[in-house]
$ cat query30.cif   # mmCIF, C-alpha atoms and all ligand atoms
data_input
loop_
_atom_site.label_atom_id
_atom_site.label_comp_id
_atom_site.auth_asym_id
_atom_site.auth_seq_id
_atom_site.Cartn_x
_atom_site.Cartn_y
_atom_site.Cartn_z
CA MET A 6 102.49 -33.17 -8.17
CA GLY A 7 100.77 -29.89 -7.36
CA TYR A 8 101.57 -27.73 -4.35
CA ASP A 9 100.89 -24.26 -2.95
CA ALA A 10 103.64 -21.75 -3.73
CA ARG A 11 104.40 -18.54 -1.89
CA PHE A 12 104.62 -15.58 -4.25
CA ARG A 13 105.66 -12.01 -3.49
CA VAL A 14 104.53 -9.69 -6.26
CA TRP A 15 105.18 -5.97 -6.70
CA ARG A 16 101.91 -4.02 -6.89
CA GLY A 17 101.63 -0.32 -7.54
CA ASP A 18 102.16 2.41 -10.10
CA LEU A 19 104.31 5.50 -10.72
CA ASP A 20 103.12 7.02 -7.43
CA GLY A 21 104.49 4.10 -5.43
CA GLY A 22 103.79 0.57 -4.34
CA GLY A 23 105.30 -2.44 -2.65
CA LEU A 24 105.55 -6.22 -2.45
CA GLN A 25 102.45 -8.21 -1.59
CA ASP A 26 102.33 -11.83 -0.49
CA TYR A 27 100.11 -14.48 -2.04
CA THR A 28 99.74 -18.23 -1.81
CA VAL A 29 98.89 -19.77 -5.19
CA ALA A 30 98.38 -23.32 -6.45
CA VAL A 31 101.03 -24.71 -8.80
CA ASN A 32 100.57 -27.69 -11.15
CA GLU A 33 103.24 -29.82 -12.69
CA GLY A 34 104.90 -28.36 -15.79
CA GLU A 35 103.85 -24.76 -15.15
CA VAL A 36 105.87 -21.58 -15.67
CA VAL A 37 105.84 -18.37 -13.60
CA LEU A 38 103.42 -16.71 -16.06
CA ASP A 39 100.88 -19.52 -15.41
CA ILE A 40 100.98 -18.68 -11.71
CA ILE A 41 100.58 -14.96 -12.38
CA HIS A 42 97.55 -15.78 -14.55
CA ARG A 43 96.11 -17.98 -11.79
CA LEU A 44 96.59 -15.10 -9.36
CA GLN A 45 94.64 -12.84 -11.73
CA ALA A 46 91.90 -15.43 -12.14
CA THR A 47 91.45 -16.24 -8.46
CA GLN A 48 92.67 -13.40 -6.23
CA THR A 49 93.81 -10.21 -7.99
CA PRO A 50 91.77 -9.52 -11.15
CA ASP A 51 93.38 -6.08 -11.50
CA LEU A 52 96.99 -7.35 -11.48
CA ALA A 53 98.69 -5.90 -14.59
CA VAL A 54 101.08 -8.09 -16.59
CA ARG A 55 102.07 -7.82 -20.26
CA TRP A 56 102.22 -11.01 -22.30
CA ASN A 57 101.25 -12.33 -25.67
CA CYS A 58 102.69 -15.58 -27.03
CA LYS A 59 103.52 -17.64 -23.94
CA ALA A 60 106.21 -19.26 -26.08
CA GLY A 61 109.28 -17.05 -25.54
CA LYS A 62 108.88 -15.39 -28.92
CA CYS A 63 107.05 -12.07 -28.51
CA GLY A 64 109.31 -10.55 -25.84
CA SER A 65 106.36 -9.05 -23.92
CA CYS A 66 106.46 -10.81 -20.56
CA SER A 67 109.84 -9.49 -19.37
CA ALA A 68 110.07 -8.90 -15.62
CA GLU A 69 112.38 -9.88 -12.77
CA VAL A 70 112.13 -13.14 -10.85
CA ASN A 71 114.05 -13.14 -7.58
CA GLY A 72 115.87 -10.05 -8.88
CA ARG A 73 116.95 -11.60 -12.17
CA PRO A 74 115.65 -10.29 -15.51
CA ARG A 75 113.61 -13.14 -17.05
CA LEU A 76 110.80 -13.95 -19.45
CA LEU A 77 107.91 -15.00 -17.17
CA CYS A 78 106.68 -17.52 -19.76
CA MET A 79 110.05 -19.25 -20.00
CA THR A 80 110.80 -19.49 -16.29
CA ARG A 81 109.79 -22.96 -15.17
CA MET A 82 108.39 -23.43 -11.67
CA SER A 83 110.47 -26.61 -11.44
CA THR A 84 113.61 -24.43 -11.12
CA PHE A 85 112.42 -23.43 -7.60
CA THR A 86 111.89 -25.58 -4.53
CA PRO A 87 108.28 -25.73 -3.22
CA ASP A 88 109.24 -23.97 0.02
CA GLU A 89 110.93 -21.04 -1.76
CA VAL A 90 109.31 -17.59 -1.76
CA ILE A 91 109.29 -16.40 -5.38
CA THR A 92 109.52 -12.65 -5.84
CA VAL A 93 108.25 -11.14 -9.08
CA THR A 94 108.97 -7.48 -9.78
CA PRO A 95 108.80 -5.25 -12.86
CA MET A 96 111.95 -4.45 -14.89
CA ARG A 97 113.90 -1.99 -12.79
CA THR A 98 115.44 0.10 -15.57
CA PHE A 99 112.17 1.40 -17.03
CA PRO A 100 109.41 3.55 -15.53
CA ILE A 101 106.48 1.68 -13.99
CA ILE A 102 103.06 1.86 -15.62
CA LYS A 103 101.27 -0.57 -13.30
CA ASP A 104 102.32 -3.66 -11.30
CA LEU A 105 104.54 -5.76 -13.60
CA VAL A 106 104.13 -3.54 -16.65
CA THR A 107 106.80 -0.98 -17.48
CA ASP A 108 107.06 1.79 -20.05
CA VAL A 109 109.72 0.58 -22.51
CA SER A 110 109.57 3.56 -24.89
CA PHE A 111 113.23 4.39 -24.08
CA ASN A 112 114.10 1.49 -26.37
CA TYR A 113 111.99 2.69 -29.27
CA GLU A 114 113.50 6.17 -28.97
CA LYS A 115 117.00 4.68 -29.17
CA ALA A 116 115.98 2.55 -32.17
CA ARG A 117 114.81 5.62 -34.05
CA GLU A 118 118.17 7.39 -33.58
CA ILE A 119 120.05 4.81 -35.68
CA PRO A 120 120.51 5.76 -39.36
CA SER A 121 118.63 3.12 -41.34
CA PHE A 122 119.99 0.65 -43.91
CA THR A 123 121.52 2.61 -46.81
CA PRO A 124 122.08 0.58 -50.00
CA PRO A 125 124.18 2.05 -52.83
CA PRO A 126 122.14 4.49 -54.96
CA GLY A 127 120.50 2.97 -58.00
CA LEU A 128 120.70 -0.63 -56.79
CA ALA A 129 117.53 -2.41 -57.92
CA PRO A 130 116.01 -5.04 -55.61
CA GLY A 131 116.88 -7.89 -58.00
CA ASP A 132 120.54 -6.82 -57.99
CA TYR A 133 121.01 -7.49 -54.27
CA ARG A 134 123.66 -10.17 -53.81
CA MET A 135 125.13 -11.28 -50.49
CA LYS A 136 127.58 -14.01 -49.61
CA GLN A 137 126.25 -16.72 -47.33
CA VAL A 138 128.89 -15.91 -44.72
CA ASP A 139 127.58 -12.33 -44.48
CA VAL A 140 124.00 -13.59 -44.17
CA GLU A 141 125.00 -15.94 -41.36
CA ARG A 142 126.91 -13.27 -39.43
CA SER A 143 123.90 -11.00 -39.08
CA GLN A 144 121.39 -13.84 -38.74
CA GLU A 145 122.30 -14.25 -35.08
CA PHE A 146 121.39 -10.61 -34.35
CA ARG A 147 118.07 -10.97 -36.13
CA LYS A 148 116.95 -13.57 -33.60
CA CYS A 149 116.35 -10.68 -31.17
CA ILE A 150 112.75 -10.67 -29.86
CA GLU A 151 113.09 -7.17 -28.34
CA CYS A 152 112.35 -8.35 -24.83
CA PHE A 153 114.70 -5.63 -23.52
CA LEU A 154 116.08 -7.88 -20.78
CA CYS A 155 119.61 -6.97 -21.91
CA GLN A 156 118.70 -3.29 -21.71
CA ASP A 157 117.21 -3.87 -18.24
CA THR A 158 120.27 -5.66 -16.92
CA CYS A 159 123.10 -3.44 -18.22
CA HIS A 160 124.58 -1.61 -15.24
CA VAL A 161 125.26 1.51 -17.33
CA VAL A 162 121.57 2.42 -17.20
CA ARG A 163 120.13 0.04 -14.57
CA ASP A 164 121.07 2.28 -11.65
CA HIS A 165 121.95 5.40 -13.59
CA GLU A 166 118.98 7.19 -15.03
CA GLU A 167 121.35 10.03 -15.97
CA ASN A 168 123.16 7.78 -18.50
CA LYS A 169 120.04 7.07 -20.54
CA GLN A 170 120.53 10.15 -22.71
CA ALA A 171 124.04 9.12 -23.71
CA PHE A 172 123.75 5.32 -23.97
CA SER A 173 121.60 3.27 -26.33
CA GLY A 174 122.19 -0.04 -24.55
CA PRO A 175 123.33 -3.45 -25.85
CA ARG A 176 120.29 -4.16 -28.03
CA TYR A 177 120.77 -1.01 -30.11
CA LEU A 178 124.56 -1.12 -30.20
CA MET A 179 124.02 -4.61 -31.62
CA ARG A 180 121.65 -3.16 -34.24
CA ILE A 181 124.36 -0.68 -35.25
CA THR A 182 126.82 -3.59 -35.59
CA GLU A 183 124.35 -5.54 -37.71
CA LEU A 184 124.02 -2.61 -40.13
CA GLU A 185 127.77 -1.97 -40.11
CA MET A 186 128.42 -5.61 -41.06
CA HIS A 187 125.90 -5.54 -43.90
CA PRO A 188 127.89 -5.78 -47.16
CA LEU A 189 125.45 -3.59 -49.08
CA ASP A 190 125.22 -0.82 -46.53
CA THR A 191 127.07 2.38 -47.40
CA ALA A 192 126.50 4.47 -44.26
CA ASP A 193 129.23 4.81 -41.63
CA ARG A 194 127.76 4.70 -38.12
CA ARG A 195 131.03 4.31 -36.22
CA GLU A 196 131.24 7.89 -35.05
CA MET A 197 127.55 7.83 -34.15
CA ALA A 198 128.10 4.58 -32.19
CA GLN A 199 130.83 6.18 -30.12
CA ASN A 200 129.48 9.70 -29.67
CA GLU A 201 125.70 9.35 -29.63
CA ALA A 202 125.02 5.71 -28.78
CA GLY A 203 127.66 5.68 -26.02
CA LEU A 204 129.66 2.61 -27.05
CA GLY A 205 132.48 3.74 -24.76
CA TYR A 206 130.23 3.30 -21.70
CA CYS A 207 130.18 -0.46 -22.30
CA ASN A 208 132.99 -2.05 -20.32
CA ILE A 209 132.25 -5.57 -21.59
CA THR A 210 130.78 -6.98 -18.39
CA LYS A 211 128.71 -9.42 -20.52
CA CYS A 212 125.68 -9.27 -18.21
CA CYS A 213 123.56 -8.53 -21.29
CA THR A 214 124.70 -11.75 -22.96
CA GLU A 215 123.94 -13.77 -19.82
CA VAL A 216 120.25 -12.78 -19.72
CA CYS A 217 119.46 -12.96 -23.44
CA PRO A 218 116.71 -15.60 -23.90
CA GLU A 219 117.76 -16.05 -27.53
CA HIS A 220 121.34 -16.80 -26.43
CA ILE A 221 122.74 -14.14 -28.73
CA LYS A 222 126.42 -13.53 -28.01
CA ILE A 223 125.80 -9.79 -27.77
CA THR A 224 129.15 -8.85 -26.25
CA ASP A 225 131.49 -11.16 -28.18
CA ASN A 226 129.83 -11.00 -31.58
CA ALA A 227 128.42 -7.45 -31.65
CA LEU A 228 129.85 -5.08 -29.03
CA ILE A 229 133.52 -6.09 -29.15
CA PRO A 230 133.63 -6.15 -33.00
CA LEU A 231 131.95 -2.73 -33.02
CA LYS A 232 134.55 -1.40 -30.59
CA GLU A 233 137.29 -2.78 -32.86
CA ARG A 234 135.78 -1.07 -35.89
CA VAL A 235 135.51 2.24 -34.06
CA VAL A 236 139.15 2.01 -32.94
CA ASP A 237 140.22 1.15 -36.49
CA ARG A 238 138.56 4.29 -37.71
CA LYS A 239 140.07 6.44 -34.99
CA TYR A 240 143.62 5.25 -35.54
CA ASP A 241 143.52 4.78 -39.29
CA PRO A 242 146.26 7.25 -40.45
CA ILE A 243 144.28 8.20 -43.58
CA VAL A 244 141.16 8.95 -41.54
CA TRP A 245 143.28 10.83 -38.99
CA LEU A 246 144.86 12.96 -41.74
CA GLY A 247 141.46 13.57 -43.34
CA ASN A 248 140.07 14.74 -40.01
CA LYS A 249 143.05 17.03 -39.51
CA LEU A 250 142.76 18.59 -42.95
CA PHE A 251 139.01 18.88 -43.36
CA ARG A 252 137.47 19.03 -39.92
CA ARG A 253 139.23 21.88 -38.30
FE1 LIG B 301 116.13 -9.60 -25.59
FE2 LIG B 301 118.43 -10.73 -26.41
FE3 LIG B 301 117.14 -8.98 -27.98
FE4 LIG B 301 118.35 -8.14 -25.78
S1 LIG B 301 119.33 -9.03 -27.60
S2 LIG B 301 116.32 -7.51 -26.48
S3 LIG B 301 118.01 -9.84 -24.39
S4 LIG B 301 116.41 -10.99 -27.33
FE1 LIG B 302 126.35 -3.43 -20.56
FE2 LIG B 302 126.57 -5.63 -21.97
FE3 LIG B 302 128.42 -3.81 -22.12
S1 LIG B 302 125.83 -5.46 -19.91
S2 LIG B 302 128.45 -2.93 -20.12
S3 LIG B 302 126.34 -3.57 -22.73
S4 LIG B 302 128.71 -5.97 -22.19
FE1 LIG B 303 105.75 -13.89 -25.35
FE2 LIG B 303 106.63 -14.46 -22.90
S1 LIG B 303 104.59 -14.11 -23.52
S2 LIG B 303 107.80 -14.04 -24.67
#

$ encode --input "query30.cif" --output "structure tokens"
Amino acid sequence: MGYDARFRVWRGDLDGGGLQDYTVAVNEGEVVLDIIHRLQATQTPDLAVRWNCKAGKCGSCSAEVNGRPRLLCMTRMSTFTPDEVITVTPMRTFPIIKDLVTDVSFNYEKAREIPSFTPPPGLAPGDYRMKQVDVERSQEFRKCIECFLCQDTCHVVRDHEENKQAFSGPRYLMRITELEMHPLDTADRREMAQNEAGLGYCNITKCCTEVCPEHIKITDNALIPLKERVVDRKYDPIVWLGNKLFRR
């Protein structure tokens, strides 16, 4: 059964903006992105929204619905009652470009800071061998669609612009973990994780895990194991002695 929904959508750009009210038709089986598209088609042709796959796989349509970070294409209208006002706003953690579109380059900058995969020297491609258990461990992290909802939701940067320099956010701490767990990788990123990526800022609130559309257990399977590895390094007596002798 179709009905008319009340939508409140943030319109504006870097210079400012505000919420605007619209009444839009809804059909059975639709998602929030369908309604935004209908708004564009019938009332607001200049409304900016980023999207691509409409299947929860490209990670482009991230925004906030009633204040919660969500993929617009995976948020079903049936989760709201017909009399509810549905508020759609851009991701709060990143600078606005226009309307629902934000500038997510913070994430790409953080990605570039991570030392890349470093196999042992002289290892030919055909010589790569990994145990299935190691493949499976990192497989979960590779489901990431880079929607940046976890980055948007983490309180360390959500309301603290000043922390962005020192904190890479859950998605990129998870990337460090993935590389650290790779059996063929020879680089040691533990110090980098702590000092440059700001692992210590994470106090395991798990909000990142809650919003991940791929249901990756970011906190339990990536951030906590990374913290354990960093602690191991710090309190390993051999490492401690080495630091004492050679790093003065
Ligand atoms: Fe999105 Fe999950 Fe990847 Fe974070 S870890 S960017 S929430 S898919
Ligand atoms: Fe932030 Fe996730 Fe840690 S929300 S504080 S990175 S557990
Ligand atoms: Fe691709 Fe929503 S449009 S994830």

$ atom_distance --input "query30.cif" --atom1 "CA of Glu196 (chain A)" --atom2 "CA of Asp132 (chain A)"
29.3 Å

$ residues_around --input "query30.cif" --residues "Asn112 (chain A)" --least-positions-apart "2" --cutoff "9 Å" --atoms "only C-alpha atoms" --output "list in words"
Val109, Ser110, Glu114, Lys115, Ala116, Arg117, Glu151, Phe153, Gln156, Ser173, Gly174, Arg176 and Tyr177 of chain A

$ residues_near_ligand --input "query30.cif" --ligand "ligand LIG 302 (chain B)" --cutoff "10 Å" --atoms "all atoms listed in the file" --output "ChimeraX atom specification"
/A:155-163,172-179,203-216,222-225,227-229

$ atom_distance --input "query30.cif" --atom1 "CA of His165 (chain A)" --atom2 "CA of Thr98 (chain A)"
8.6 Å

$ atom_distance --input "query30.cif" --atom1 "CA of Val54 (chain A)" --atom2 "CA of Val106 (chain A)"
5.5 Å
